[in-house]
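Visitor: CSV, C-alpha atoms and all ligand atoms, saved as coords_24.csv, coming up:
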```csv
chain,number,residue,atom,x,y,z
A,1,MET,CA,9.0,12.1,-1.7
A,2,GLN,CA,9.3,8.7,-0.2
A,3,THR,CA,10.8,5.9,-2.3
A,4,LEU,CA,8.7,3.4,-4.1
A,5,GLU,CA,10.0,0.7,-1.8
A,6,ALA,CA,8.9,2.6,1.4
A,7,VAL,CA,5.5,3.4,0.0
A,8,GLY,CA,5.0,-0.1,-1.3
A,9,ARG,CA,5.9,-1.7,2.0
A,10,ARG,CA,3.6,0.6,3.9
A,11,GLY,CA,1.0,-0.2,1.3
A,12,PHE,CA,1.3,-3.9,2.2
A,13,THR,CA,0.5,-3.1,5.8
A,14,TYR,CA,-2.6,-1.1,4.6
A,15,ALA,CA,-3.7,-4.0,2.5
A,16,TRP,CA,-3.1,-6.4,5.5
A,17,GLN,CA,-5.2,-4.1,7.7
A,18,MET,CA,-8.1,-4.5,5.4
A,19,LEU,CA,-7.7,-8.1,4.4
A,20,ARG,CA,-6.0,-9.6,7.5
A,21,ASN,CA,-4.2,-12.2,5.3
A,22,HIS,CA,-0.6,-12.2,4.2
A,23,ASP,CA,-1.0,-13.8,0.8
A,24,ASP,CA,-4.0,-11.7,-0.2
A,25,ALA,CA,-2.2,-8.6,0.9
A,26,LEU,CA,0.9,-9.5,-1.1
A,27,ASP,CA,-1.2,-10.1,-4.1
A,28,ALA,CA,-3.1,-6.8,-3.8
A,29,VAL,CA,0.2,-4.8,-3.5
A,30,GLN,CA,1.7,-6.5,-6.5
A,31,THR,CA,-1.4,-5.7,-8.6
A,32,ALA,CA,-1.4,-2.1,-7.4
A,33,LEU,CA,2.3,-1.6,-8.0
A,34,THR,CA,2.0,-3.0,-11.5
A,35,ALA,CA,-0.9,-0.7,-12.3
A,36,VAL,CA,1.1,2.3,-11.0
A,37,TRP,CA,4.1,1.2,-12.9
A,38,GLN,CA,2.2,0.9,-16.2
A,39,HIS,CA,0.8,4.4,-15.7
A,40,ARG,CA,3.9,6.0,-14.4
A,41,ARG,CA,4.1,8.6,-17.1
A,42,ARG,CA,0.6,9.8,-16.6
A,43,LEU,CA,1.3,9.7,-12.9
A,44,GLN,CA,4.3,12.0,-13.0
A,45,LYS,CA,2.0,14.8,-14.2
A,46,GLY,CA,-0.4,14.3,-11.4
A,47,ARG,CA,0.5,15.5,-7.9
A,48,ASP,CA,-0.2,12.7,-5.6
A,49,PRO,CA,1.4,9.3,-6.5
A,50,ARG,CA,1.1,7.8,-3.0
A,51,GLY,CA,-2.6,8.7,-2.7
A,52,TRP,CA,-3.2,7.2,-6.2
A,53,PHE,CA,-1.3,4.0,-5.3
A,54,TYR,CA,-3.3,3.6,-2.1
A,55,ARG,CA,-6.5,4.2,-4.0
A,56,VAL,CA,-5.7,1.5,-6.6
A,57,LEU,CA,-4.6,-0.8,-3.8
A,58,ARG,CA,-7.8,-0.1,-1.8
A,59,ASN,CA,-10.0,-0.9,-4.8
A,60,LYS,CA,-8.1,-4.2,-5.2
A,61,CYS,CA,-8.7,-5.0,-1.6
A,62,VAL,CA,-12.4,-4.2,-1.9
A,63,ASP,CA,-12.5,-6.6,-4.8
A,64,VAL,CA,-10.8,-9.3,-2.8
A,65,MET,CA,-13.2,-8.8,0.1
A,66,ARG,CA,-16.2,-9.0,-2.2
A,67,SER,CA,-14.9,-12.2,-3.7
A,68,ARG,CA,-14.5,-13.7,-0.3
A,69,ARG,CA,-18.3,-13.8,0.2
A,70,VAL,CA,-18.2,-16.5,-2.4
A,71,ARG,CA,-14.9,-18.1,-1.5
A,72,THR,CA,-15.1,-18.5,2.2
A,73,SER,CA,-12.0,-20.4,3.3
A,74,VAL,CA,-9.7,-17.6,4.0
A,75,ALA,CA,-7.7,-17.8,7.2
A,76,LEU,CA,-7.8,-14.4,8.9
A,77,GLU,CA,-4.6,-13.6,10.8
A,78,VAL,CA,-4.4,-11.9,14.2
A,79,ASP,CA,-2.5,-8.8,15.1
A,80,PRO,CA,1.2,-9.3,15.8
A,81,PRO,CA,2.4,-8.6,19.4
A,82,ASP,CA,3.3,-5.0,20.2
A,83,ARG,CA,6.8,-3.9,21.0
A,84,THR,CA,6.9,-2.7,24.6
A,85,ASP,CA,9.4,-1.0,27.0
A,86,ALA,CA,12.3,-2.8,28.5
A,87,ASP,CA,11.0,-1.9,32.0
A,88,PRO,CA,8.8,-4.8,33.1
A,89,ALA,CA,6.7,-2.7,35.6
A,90,ARG,CA,5.7,-0.2,32.9
A,91,ASP,CA,5.5,-3.0,30.4
A,92,ALA,CA,2.4,-4.6,31.7
A,93,ASP,CA,0.5,-1.4,31.8
A,94,ARG,CA,1.6,-0.4,28.4
A,95,ARG,CA,0.7,-3.7,26.9
A,96,GLU,CA,-2.8,-3.5,28.4
A,97,GLN,CA,-3.2,0.0,27.0
A,98,LEU,CA,-2.3,-1.0,23.5
A,99,ALA,CA,-4.4,-4.2,23.8
A,100,HIS,CA,-7.4,-2.0,24.7
A,101,LEU,CA,-6.7,0.3,21.8
A,102,ARG,CA,-6.6,-2.7,19.4
A,103,GLN,CA,-9.9,-4.0,20.7
A,104,ALA,CA,-11.5,-0.6,20.4
A,105,LEU,CA,-10.2,-0.3,16.8
A,106,ALA,CA,-11.4,-3.7,15.9
A,107,GLU,CA,-14.9,-2.9,17.2
A,108,LEU,CA,-15.2,0.3,15.0
A,109,PRO,CA,-17.1,0.1,11.8
A,110,ASP,CA,-14.8,-0.6,8.9
A,111,GLU,CA,-15.2,2.8,7.4
A,112,MET,CA,-14.2,4.5,10.7
A,113,ARG,CA,-11.3,2.2,11.4
A,114,GLU,CA,-9.9,2.7,7.9
A,115,ILE,CA,-9.9,6.5,8.0
A,116,VAL,CA,-8.3,6.6,11.5
A,117,LEU,CA,-5.5,4.3,10.3
A,118,LEU,CA,-5.0,6.2,7.1
A,119,ARG,CA,-4.5,9.4,9.2
A,120,ASP,CA,-2.8,8.2,12.4
A,121,PHE,CA,-0.9,5.1,11.3
A,122,HIS,CA,-0.1,5.9,7.7
A,123,ASP,CA,0.2,9.6,8.3
A,124,LEU,CA,-1.6,10.7,5.2
A,125,PRO,CA,-2.7,14.3,4.9
A,126,TYR,CA,-6.5,15.0,4.4
A,127,ALA,CA,-6.0,15.7,0.7
A,128,GLU,CA,-4.4,12.3,0.2
A,129,ILE,CA,-7.1,10.5,2.2
A,130,ALA,CA,-9.7,12.2,0.0
A,131,THR,CA,-7.9,10.7,-3.0
A,132,VAL,CA,-7.7,7.3,-1.5
A,133,LEU,CA,-11.3,7.1,-0.4
A,134,ASP,CA,-12.6,9.1,-3.4
A,135,ILE,CA,-14.5,11.5,-1.2
A,136,PRO,CA,-14.4,15.3,-0.9
A,137,PRO,CA,-11.8,16.8,1.5
A,138,GLY,CA,-14.5,18.3,3.7
A,139,THR,CA,-16.0,14.8,4.2
A,140,VAL,CA,-12.6,13.6,5.3
A,141,MET,CA,-12.6,16.1,8.1
A,142,SER,CA,-16.0,15.3,9.5
A,143,ARG,CA,-15.7,11.5,9.0
A,144,LEU,CA,-12.4,11.4,10.7
A,145,HIS,CA,-13.7,13.5,13.6
A,146,ARG,CA,-16.6,11.2,14.1
A,147,ALA,CA,-14.4,8.2,13.9
A,148,ARG,CA,-12.0,9.5,16.6
A,149,LEU,CA,-14.9,10.4,18.8
A,150,ALA,CA,-16.2,6.9,18.4
A,151,LEU,CA,-12.8,5.3,19.1
A,152,ARG,CA,-12.3,7.5,22.1
A,153,LYS,CA,-15.7,6.5,23.5
A,154,ARG,CA,-14.9,2.8,23.1
A,155,LEU,CA,-11.5,3.2,24.6
A,156,LEU,CA,-12.7,5.1,27.6
A,157,ALA,CA,-15.3,2.5,28.2
A,158,LYS,CA,-12.6,-0.2,28.3
A,159,GLU,CA,-10.3,1.8,30.6
A,160,GLN,CA,-12.9,2.9,33.0
A,161,PRO,CA,-15.6,0.2,32.8
A,162,ASP,CA,-17.3,1.2,36.1
A,163,GLU,CA,-18.0,4.8,34.9
B,1,MET,CA,-18.3,28.3,27.1
B,2,ASN,CA,-20.9,28.6,24.5
B,3,ASN,CA,-18.7,28.0,21.4
B,4,CYS,CA,-17.5,24.6,22.7
B,5,PRO,CA,-19.6,22.7,20.0
B,6,ILE,CA,-17.9,24.7,17.2
B,7,ILE,CA,-14.4,24.1,18.7
B,8,ARG,CA,-15.1,20.4,19.2
B,9,GLU,CA,-15.8,20.0,15.5
B,10,MET,CA,-12.4,21.5,14.7
B,11,LEU,CA,-10.3,19.6,17.3
B,12,SER,CA,-9.5,16.7,15.0
B,13,ALA,CA,-8.3,18.9,12.1
B,14,TYR,CA,-6.5,21.1,14.7
B,15,LEU,CA,-4.5,18.1,15.8
B,16,ASP,CA,-3.7,17.2,12.2
B,17,GLY,CA,-2.6,20.7,11.3
B,18,GLU,CA,-5.4,21.0,8.7
B,19,LEU,CA,-7.0,24.2,9.8
B,20,THR,CA,-6.3,27.7,8.5
B,21,GLN,CA,-4.0,29.8,10.6
B,22,GLN,CA,-7.0,31.9,11.8
B,23,GLU,CA,-9.0,28.8,12.8
B,24,SER,CA,-6.1,27.3,14.5
B,25,GLN,CA,-5.5,30.4,16.5
B,26,LYS,CA,-9.1,30.4,17.6
B,27,VAL,CA,-8.8,26.8,18.9
B,28,THR,CA,-5.5,27.5,20.6
B,29,VAL,CA,-7.1,30.4,22.5
B,30,HIS,CA,-10.1,28.3,23.4
B,31,LEU,CA,-8.1,25.4,24.7
B,32,ARG,CA,-6.2,27.6,27.0
B,33,ASP,CA,-9.4,28.3,29.0
B,34,CYS,CA,-11.6,25.3,28.4
B,35,ASP,CA,-10.7,22.1,30.3
B,36,ALA,CA,-13.5,20.0,28.7
B,37,CYS,CA,-12.3,20.7,25.2
B,38,ARG,CA,-8.7,20.3,26.1
B,39,LEU,CA,-9.4,16.9,27.6
B,40,VAL,CA,-10.9,15.7,24.2
B,41,TYR,CA,-7.9,17.2,22.4
B,42,GLU,CA,-5.5,15.4,24.7
B,43,ASP,CA,-7.3,12.1,24.2
B,44,PHE,CA,-7.2,12.5,20.4
B,45,ARG,CA,-3.5,13.2,20.6
B,46,ARG,CA,-2.9,10.1,22.8
B,47,LEU,CA,-4.9,8.0,20.3
B,48,ARG,CA,-2.8,9.2,17.5
B,49,ASP,CA,0.5,8.6,19.3
B,50,ASP,CA,-0.6,5.1,20.4
B,51,ILE,CA,-1.8,4.1,17.0
B,52,LYS,CA,1.5,5.1,15.5
B,53,GLN,CA,3.1,2.6,17.9
B,54,LEU,CA,0.9,-0.4,17.0
B,55,GLU,CA,2.7,-3.2,15.2
B,56,PHE,CA,1.2,-4.5,11.9
B,57,PRO,CA,2.7,-7.1,9.6
B,58,GLU,CA,5.2,-6.0,6.9
B,59,PRO,CA,6.4,-8.1,4.0
B,60,THR,CA,9.6,-10.0,4.5
B,61,ASP,CA,12.6,-9.1,2.4
B,62,GLU,CA,12.1,-12.2,0.3
B,63,GLN,CA,8.5,-11.5,-0.3
B,64,TRP,CA,9.3,-8.0,-1.2
B,65,ARG,CA,11.9,-9.1,-3.8
B,66,THR,CA,9.3,-11.4,-5.4
B,67,ILE,CA,6.9,-8.5,-5.7
B,68,MET,CA,9.4,-6.1,-7.2
B,69,GLY,CA,10.6,-8.9,-9.6
B,70,GLY,CA,7.1,-9.2,-10.7
B,71,PHE,CA,6.9,-5.8,-12.3
B,72,ALA,CA,9.9,-3.5,-12.0
B,73,PHE,CA,12.2,-5.7,-14.0
B,74,LYS,CA,9.9,-6.0,-17.0
B,75,THR,CA,11.8,-3.2,-18.6
B,76,THR,CA,15.3,-4.7,-18.1
B,77,ARG,CA,14.0,-8.1,-19.1
B,78,GLY,CA,12.7,-6.5,-22.3
B,79,ILE,CA,16.0,-4.9,-23.1
B,80,GLY,CA,17.8,-8.1,-22.3
B,81,TRP,CA,15.6,-10.0,-24.8
B,82,LEU,CA,16.1,-7.4,-27.5
B,83,LEU,CA,19.9,-7.6,-27.2
B,84,TRP,CA,19.9,-11.3,-27.2
B,85,VAL,CA,17.7,-11.6,-30.3
B,86,GLY,CA,19.7,-8.9,-32.1
B,87,GLY,CA,23.0,-10.7,-31.4
B,88,ALA,CA,21.6,-14.1,-32.4
B,89,VAL,CA,20.3,-12.7,-35.7
B,90,VAL,CA,23.6,-11.1,-36.6
B,91,LEU,CA,25.6,-14.2,-35.7
B,92,VAL,CA,23.3,-16.6,-37.7
B,93,ALA,CA,23.3,-14.3,-40.7
B,94,TYR,CA,27.1,-14.0,-40.6
B,95,GLY,CA,27.4,-17.8,-40.2
B,96,LEU,CA,25.3,-18.4,-43.2
B,97,PHE,CA,27.2,-15.9,-45.2
B,98,GLU,CA,30.5,-17.5,-44.3
B,99,LEU,CA,29.1,-21.0,-45.0
B,100,ILE,CA,28.1,-20.1,-48.5
B,101,ARG,CA,31.2,-18.2,-49.2
B,102,ASP,CA,33.8,-20.6,-47.9
B,103,PRO,CA,34.7,-23.2,-50.6
B,104,SER,CA,36.8,-25.4,-48.2
B,105,ILE,CA,33.8,-26.7,-46.4
B,106,ASN,CA,32.4,-29.9,-47.9
B,107,VAL,CA,28.8,-31.0,-48.4
B,108,ILE,CA,28.4,-33.0,-45.2
B,109,GLU,CA,29.7,-30.1,-43.1
B,110,HIS,CA,27.3,-27.8,-45.0
B,111,VAL,CA,24.4,-30.0,-44.2
B,112,GLY,CA,25.4,-30.5,-40.6
B,113,ILE,CA,25.9,-26.8,-39.9
B,114,LEU,CA,22.7,-25.8,-41.8
B,115,ALA,CA,20.7,-28.3,-39.7
B,116,LEU,CA,22.2,-26.8,-36.5
B,117,ILE,CA,21.4,-23.3,-37.5
B,118,LEU,CA,17.9,-24.2,-38.6
B,119,GLY,CA,17.3,-26.1,-35.4
B,120,SER,CA,18.4,-23.1,-33.3
B,121,VAL,CA,16.2,-20.8,-35.3
B,122,LEU,CA,13.2,-23.1,-34.8
B,123,LEU,CA,13.8,-23.5,-31.1
B,124,PHE,CA,14.2,-19.8,-30.7
B,125,LEU,CA,11.0,-19.1,-32.6
B,126,THR,CA,9.1,-21.6,-30.3
B,127,VAL,CA,10.3,-19.7,-27.2
B,128,LEU,CA,9.4,-16.4,-28.8
B,129,ILE,CA,5.9,-17.5,-29.7
B,130,GLU,CA,5.4,-18.8,-26.2
B,131,ARG,CA,6.6,-15.5,-24.8
B,132,ILE,CA,4.2,-13.5,-27.0
B,133,GLY,CA,1.4,-15.8,-26.0
B,134,SER,CA,2.0,-15.2,-22.2
B,135,TYR,CA,2.4,-11.5,-22.8
B,136,LYS,CA,-1.0,-11.4,-24.3
B,137,THR,CA,-2.6,-13.2,-21.4
B,138,ASP,CA,-0.7,-10.8,-19.0
B,139,ARG,CA,-2.3,-7.9,-20.7
B,140,TYR,CA,-5.7,-9.5,-20.7
B,141,LYS,CA,-5.3,-10.1,-16.9
B,142,ASP,CA,-4.8,-6.4,-16.4
B,143,VAL,CA,-7.7,-5.4,-18.5
B,144,GLU,CA,-9.9,-7.9,-16.7
B,145,LYS,CA,-9.3,-6.4,-13.3
C,201,ZN,ZN,-14.7,24.2,25.2
```
Go ahead and render the structure in this file as structure tokens.
Guide:
Amino acid sequence: MQTLEAVGRRGFTYAWQMLRNHDDALDAVQTALTAVWQHRRRLQKGRDPRGWFYRVLRNKCVDVMRSRRVRTSVALEVDPPDRTDADPARDADRREQLAHLRQALAELPDEMREIVLLRDFHDLPYAEIATVLDIPPGTVMSRLHRARLALRKRLLAKEQPDE
Amino acid sequence: MNNCPIIREMLSAYLDGELTQQESQKVTVHLRDCDACRLVYEDFRRLRDDIKQLEFPEPTDEQWRTIMGGFAFKTTRGIGWLLWVGGAVVLVAYGLFELIRDPSINVIEHVGILALILGSVLLFLTVLIERIGSYKTDRYKDVEK
């Protein structure tokens, strides 16, 4: 199992991906970690501590987003620059590819972007994604598939705009 | 090939290693012969590999320490307090005992030392009551969310 530190740091990134704000993400992670810590005994009996932590964290993020509709002055941060190869010739191509991917991701509906990131970025198995999103494992499979198809479609449109 | 639609539905789970061995076998065989499905599969794989490479913010070490300090050290802090309080109680009790017992200490010294002890106890109680108060609000904060 991963250490609490590794899971927590990754969790911060998950929170940031939803909230796009450093301070709000820190706040959400701290709340979620506290909740996990308080229930650690109950948690040891369960099988899926990371899934549970992500779920608590996600619920907190959803709360924050809901409260933002009232409190509007949140500065949304932009994506950090991507690390690229040392080779400058390949570098430009690669940067453009990743930029397209980011745009395509950003254009996806929240629900689709989230499940793709949980799987492909955070590397969660379907059972854990089901825990995090509180949906049946079968739904994970179909929703993820639709999300990837949608992402692929958008990405192809950016890469071959004439077709 | 006519079972392309069925295979397509499984490609995502195939990539993620979430199919049964039998299903997985079926997809492998199909991909060997079907260019169209293989293209989709390759695209899914490229998406996954590229997404893994994207950079997203992480907490700085200092921010991380603040987060951990916020909850993980509640236990050690609790033990620390307990030891401190226990030690203080023993010392004060012993001091009072000695004060009463020792005949060589005169009245002024008695009064002075008693005032010091009483003052310390009062100060300590004040801090303790404040702590209990903030602990209650902490708990309330958790319940509220
Ligand atoms: Zn096919």
Visitor: Just need the residues of chain A within 7 Å of chain B, counting all atoms listed in the file, so spit them out as a list of chain:residue names.
Guide: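 Residues of chain A within 7 Å of chain B, counting all atoms listed in the file: A:Arg9, A:Phe12, A:Thr13, A:Gln30, A:Thr34, A:Asp79, A:Pro80, A:Pro81, A:Asp82, A:Asp120, A:Phe121, A:Met141, A:His145, A:Arg148.
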Visitor: Could you please extract the residues within 7 Å of ligand ZN 201 (chain C), counting all atoms listed in the file, and hand them back as a PDB file with C-alpha atoms, in the coordinates of the input?
Guide:
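What follows is the written file pocket.pdb:
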```pdb
ATOM      1  CA  MET B   1     -18.300  28.300  27.100  1.00  0.00           C
ATOM      2  CA  ASN B   3     -18.700  28.000  21.400  1.00  0.00           C
ATOM      3  CA  CYS B   4     -17.500  24.600  22.700  1.00  0.00           C
ATOM      4  CA  ILE B   7     -14.400  24.100  18.700  1.00  0.00           C
ATOM      5  CA  HIS B  30     -10.100  28.300  23.400  1.00  0.00           C
ATOM      6  CA  LEU B  31      -8.100  25.400  24.700  1.00  0.00           C
ATOM      7  CA  CYS B  34     -11.600  25.300  28.400  1.00  0.00           C
ATOM      8  CA  ASP B  35     -10.700  22.100  30.300  1.00  0.00           C
ATOM      9  CA  ALA B  36     -13.500  20.000  28.700  1.00  0.00           C
ATOM     10  CA  CYS B  37     -12.300  20.700  25.200  1.00  0.00           C
TER      11      CYS B  37
END
```
Visitor: Just give me the gap between CA of Ser142 in chain A and CA of Arg20 in chain A in Å, one decimal is fine.
Guide: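 So the two atoms, CA of Ser142 in chain A and CA of Arg20 in chain A, lie 26.9 Å apart.
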Visitor: Pick from B:Thr28, B:Ile132, B:Val121, B:Glu23: nearest to Ala88 in chain B, with only C-alpha atoms counted?
Guide: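 The closest residue to Ala88 in chain B is B:Val121.
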Visitor: Using all atoms listed in the file, which residue out of A:Arg68, A:Arg113, A:Arg41, A:Lys60 lies closest to Leu144 in chain A?
Guide: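 Nearest to Leu144 in chain A: A:Arg113.
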Visitor: When distances are computed from only C-alpha atoms, which of A:Leu133, A:Leu155, A:Ala32, A:Val70 shows the smallest separation from Ala99 in chain A?
Guide: A:Leu155
Visitor: Working from the structure I just supplied, which lacks atoms in range 8-31 of chain A, can you model N, CA, C and O atoms there and output them as a short mmCIF file (atom, residue, chain, number, x, y, z; two decimals), in the frame of the given file?
Guide:
```
data_model
loop_
_atom_site.label_atom_id
_atom_site.label_comp_id
_atom_site.auth_asym_id
_atom_site.auth_seq_id
_atom_site.Cartn_x
_atom_site.Cartn_y
_atom_site.Cartn_z
N GLY A 8 5.51 1.21 -1.03
CA GLY A 8 5.00 -0.10 -1.30
C GLY A 8 4.91 -0.99 -0.05
O GLY A 8 3.92 -1.68 0.17
N ARG A 9 5.94 -0.93 0.78
CA ARG A 9 5.90 -1.70 2.00
C ARG A 9 4.81 -1.27 2.94
O ARG A 9 4.12 -2.07 3.56
N ARG A 10 4.66 0.03 3.04
CA ARG A 10 3.60 0.60 3.90
C ARG A 10 2.24 0.17 3.30
O ARG A 10 1.30 -0.11 4.03
N GLY A 11 2.19 0.17 1.96
CA GLY A 11 1.00 -0.20 1.30
C GLY A 11 0.60 -1.68 1.63
O GLY A 11 -0.58 -2.00 1.81
N PHE A 12 1.61 -2.53 1.76
CA PHE A 12 1.30 -3.90 2.20
C PHE A 12 0.61 -3.92 3.50
O PHE A 12 -0.37 -4.64 3.70
N THR A 13 1.10 -3.11 4.44
CA THR A 13 0.50 -3.10 5.80
C THR A 13 -0.97 -2.57 5.67
O THR A 13 -1.86 -3.10 6.33
N TYR A 14 -1.18 -1.58 4.82
CA TYR A 14 -2.60 -1.10 4.60
C TYR A 14 -3.45 -2.21 4.08
O TYR A 14 -4.56 -2.42 4.58
N ALA A 15 -2.94 -2.93 3.10
CA ALA A 15 -3.70 -4.00 2.50
C ALA A 15 -3.97 -5.10 3.59
O ALA A 15 -5.07 -5.65 3.69
N TRP A 16 -2.96 -5.37 4.41
CA TRP A 16 -3.10 -6.40 5.50
C TRP A 16 -4.21 -5.92 6.46
O TRP A 16 -5.03 -6.71 6.93
N GLN A 17 -4.19 -4.64 6.79
CA GLN A 17 -5.20 -4.10 7.70
C GLN A 17 -6.60 -4.30 7.23
O GLN A 17 -7.52 -4.48 8.01
N MET A 18 -6.75 -4.28 5.92
CA MET A 18 -8.10 -4.50 5.40
C MET A 18 -8.40 -5.98 5.22
O MET A 18 -9.51 -6.42 5.50
N LEU A 19 -7.40 -6.76 4.77
CA LEU A 19 -7.70 -8.10 4.40
C LEU A 19 -7.33 -9.14 5.48
O LEU A 19 -7.83 -10.25 5.49
N ARG A 20 -6.43 -8.75 6.37
CA ARG A 20 -6.00 -9.60 7.50
C ARG A 20 -5.50 -10.97 6.95
O ARG A 20 -5.79 -12.01 7.56
N ASN A 21 -4.79 -10.94 5.84
CA ASN A 21 -4.20 -12.20 5.30
C ASN A 21 -3.00 -11.83 4.47
O ASN A 21 -3.07 -11.01 3.56
N HIS A 22 -1.88 -12.47 4.83
CA HIS A 22 -0.60 -12.20 4.20
C HIS A 22 -0.58 -12.33 2.70
O HIS A 22 -0.16 -11.44 1.97
N ASP A 23 -1.06 -13.51 2.26
CA ASP A 23 -1.00 -13.80 0.80
C ASP A 23 -1.88 -12.87 0.00
O ASP A 23 -1.47 -12.37 -1.05
N ASP A 24 -3.08 -12.63 0.51
CA ASP A 24 -4.00 -11.70 -0.20
C ASP A 24 -3.41 -10.32 -0.26
O ASP A 24 -3.53 -9.63 -1.27
N ALA A 25 -2.76 -9.90 0.84
CA ALA A 25 -2.20 -8.60 0.90
C ALA A 25 -1.04 -8.43 -0.12
O ALA A 25 -0.93 -7.45 -0.85
N LEU A 26 -0.19 -9.47 -0.18
CA LEU A 26 0.90 -9.50 -1.10
C LEU A 26 0.40 -9.35 -2.57
O LEU A 26 0.90 -8.57 -3.38
N ASP A 27 -0.64 -10.14 -2.82
CA ASP A 27 -1.20 -10.10 -4.10
C ASP A 27 -1.78 -8.76 -4.53
O ASP A 27 -1.54 -8.27 -5.64
N ALA A 28 -2.46 -8.14 -3.58
CA ALA A 28 -3.10 -6.80 -3.80
C ALA A 28 -1.97 -5.78 -4.09
O ALA A 28 -2.09 -4.96 -5.01
N VAL A 29 -0.90 -5.82 -3.30
CA VAL A 29 0.20 -4.80 -3.50
C VAL A 29 0.83 -5.02 -4.84
O VAL A 29 1.11 -4.05 -5.54
N GLN A 30 1.05 -6.27 -5.22
CA GLN A 30 1.70 -6.50 -6.50
C GLN A 30 0.82 -5.99 -7.66
O GLN A 30 1.32 -5.33 -8.58
N THR A 31 -0.47 -6.24 -7.58
CA THR A 31 -1.40 -5.70 -8.60
C THR A 31 -1.35 -4.22 -8.67
O THR A 31 -1.26 -3.62 -9.75
#
```
